[in-house]
Amino acid sequence: MQFLKDVNIDFMSKRKIGAVLSAFLILVGIASLVARGGPNYGIDFTGGTSIRLQFEKPIEVGSIRDILAGIGLANSEIKKIGESNEVLIRVQQQEEIEEVSERITSEIANNLQDNSFELRERDTVGPRIGNELRRAAIWAILVALGLILVYISWRFQFKFAVGAVVALFHDVIITLGAFSILDLEISLAVVAAFLTIVGYSLNDTIVVFDRIRENLKLMRRENFNIIINRSINQTLSRTVLTSLTTFIVVIILFFFGGEVIHNFSFALLVGVIIGTYSSVFVASPLVYEWQIRKEQQKGKNLSRR
């Protein structure tokens, strides 16, 4: 189905606007990361204990914090989950990490005898394992981008591979910056979302690149600028439909999926928008700039002879 017919938008003439917007978003994200001292890693990467308690009656976060202050854990992260009586408590890098959950539940039970609770979930990760997971997550993303560079260089050309990989770096950095600005936690689920974003954005970019390759054969005498614009316009209907349907699913997950996958769905939400944008305004313009500079270099070489 093609609902955008006879579209003729000159995307390449707007590539500088796209470059300025991308640079602004990346710089804001990096500035936020620097100001906060890096990403807000969850206990998956830093080590610690996460406890989710379901209380019988409404409970205030301040009350829980006052109770935990009695055992030296007043600096723990404590937050309510939605409108329910559930409370999430996160304690990072304790020396006796196995005993933390028992100490917390025991202290709360002793101080809130009129408000019983149920332990719904408990996760414990050691600091050493957390560091190993953090390194593994970073390597997973870098290896994925490296393999993508090799594959697209073989499948298309090196300039297409560079455009695709730069666009993927662009998507991940901007999404990471959004997490930093909103002070959202980076967990293993969020890293999985980042890898999903890489796959989604790459798929969108490959569709555009494949059409450019076809048109390079069919429109040999046309200017490269016209070929790229024609290719993007021809695939625009598919791009919009795919992005729109994916966006609808992700936004439903974001609002109705619950606290557990909230950060995961937010990463996908940002990734779908940025990934669609980068396929048009980052990957393709980079290929165009590469080709233009190559042609200019050839012209200079010929003029010297």
# chains A, B, ... in the order shown; residues from 1 in each chain; ligands from 1

call {"tool": "select_by_dssp", "arguments": {"residues": "range 79-293 of chain A", "states": "helix (DSSP H, G or I)", "output": "count of residues only"}}
result
167

call {"tool": "residues_around", "arguments": {"residues": "Gly163 in chain A", "least_positions_apart": "5", "cutoff": "10 Å", "atoms": "only C-alpha atoms", "output": "PyMOL selection string"}}
result
chain A and resi 149+152+158+168+205+209+278-279+282-290

call {"tool": "atom_distance", "arguments": {"atom1": "CA of Asn40 in chain A", "atom2": "CA of Leu184 in chain A"}}
result
6.5 Å

call {"tool": "closest_residue", "arguments": {"among": "A:Leu241, A:Ile17, A:Leu182, A:Leu176", "to": "Leu268 in chain A", "atoms": "only C-alpha atoms"}}
result
A:Leu176

call {"tool": "residues_around", "arguments": {"residues": "Val172 in chain A", "least_positions_apart": "2", "cutoff": "12 Å", "atoms": "only C-alpha atoms", "output": "VMD selection string"}}
result
chain A and resid 25 to 26 29 to 30 138 141 to 142 145 165 to 170 174 to 179 190 to 202 267 to 268 270 to 275 278

call {"tool": "closest_residue", "arguments": {"among": "A:Ile173, A:Ser76, A:Leu218, A:Ile227", "to": "Ala23 in chain A", "atoms": "only C-alpha atoms"}}
result
A:Ile173

call {"tool": "residues_around", "arguments": {"residues": "Ser50 in chain A", "least_positions_apart": "4", "cutoff": "8 Å", "atoms": "only C-alpha atoms", "output": "list in words"}}
result
Ile43, Leu88, Ile89, Arg90, Val91, Glu121, Arg122, Asp123 and Thr124 of chain A

call {"tool": "closest_residue", "arguments": {"among": "A:Tyr277, A:Leu73, A:Ser101, A:Leu147", "to": "Ala161 in chain A", "atoms": "only C-alpha atoms"}}
result
A:Leu147

call {"tool": "closest_residue", "arguments": {"among": "A:Asn111, A:Ser231, A:Ser22, A:Thr245", "to": "Asp10 in chain A", "atoms": "only C-alpha atoms"}}
result
A:Ser231

call {"tool": "select_by_dssp", "arguments": {"residues": "range 66-187 of chain A", "states": "strand (DSSP E or B)", "output": "JSON, numbers by chain"}}
result
{"A": [77, 78, 79, 80, 86, 87, 88, 89, 90, 91, 92, 117, 118, 119, 120, 121, 122, 123, 124, 125, 185, 186]}

call {"tool": "write_last_selection", "arguments": {"atoms": "C-alpha atoms", "output": "PDB file, in the first residue's frame"}}
result
ATOM      1  CA  GLU A  77      16.438   4.995  45.851  1.00  0.00           C
ATOM      2  CA  ILE A  78      12.773   4.673  46.852  1.00  0.00           C
ATOM      3  CA  LYS A  79       9.805   5.254  44.569  1.00  0.00           C
ATOM      4  CA  LYS A  80       6.173   4.316  44.271  1.00  0.00           C
ATOM      5  CA  GLU A  86       3.777  -0.912  45.485  1.00  0.00           C
ATOM      6  CA  VAL A  87       7.168   0.530  46.428  1.00  0.00           C
ATOM      7  CA  LEU A  88      10.481  -0.076  44.686  1.00  0.00           C
ATOM      8  CA  ILE A  89      13.623   0.142  46.843  1.00  0.00           C
ATOM      9  CA  ARG A  90      17.102   0.062  45.305  1.00  0.00           C
ATOM     10  CA  VAL A  91      20.284  -0.173  47.348  1.00  0.00           C
ATOM     11  CA  GLN A  92      23.614  -0.127  45.515  1.00  0.00           C
ATOM     12  CA  PHE A 117       3.273  -6.074  52.889  1.00  0.00           C
ATOM     13  CA  GLU A 118       4.255  -8.776  50.437  1.00  0.00           C
ATOM     14  CA  LEU A 119       7.681  -9.163  48.845  1.00  0.00           C
ATOM     15  CA  ARG A 120       6.845  -9.215  45.135  1.00  0.00           C
ATOM     16  CA  GLU A 121      10.327  -9.208  43.618  1.00  0.00           C
ATOM     17  CA  ARG A 122      13.977  -9.223  44.690  1.00  0.00           C
ATOM     18  CA  ASP A 123      17.072  -8.887  42.474  1.00  0.00           C
ATOM     19  CA  THR A 124      20.639  -9.005  43.737  1.00  0.00           C
ATOM     20  CA  VAL A 125      23.772  -8.392  41.645  1.00  0.00           C
ATOM     21  CA  GLU A 185      18.154   4.256  34.684  1.00  0.00           C
ATOM     22  CA  ILE A 186      20.182   2.159  32.251  1.00  0.00           C
TER      23      ILE A 186
END
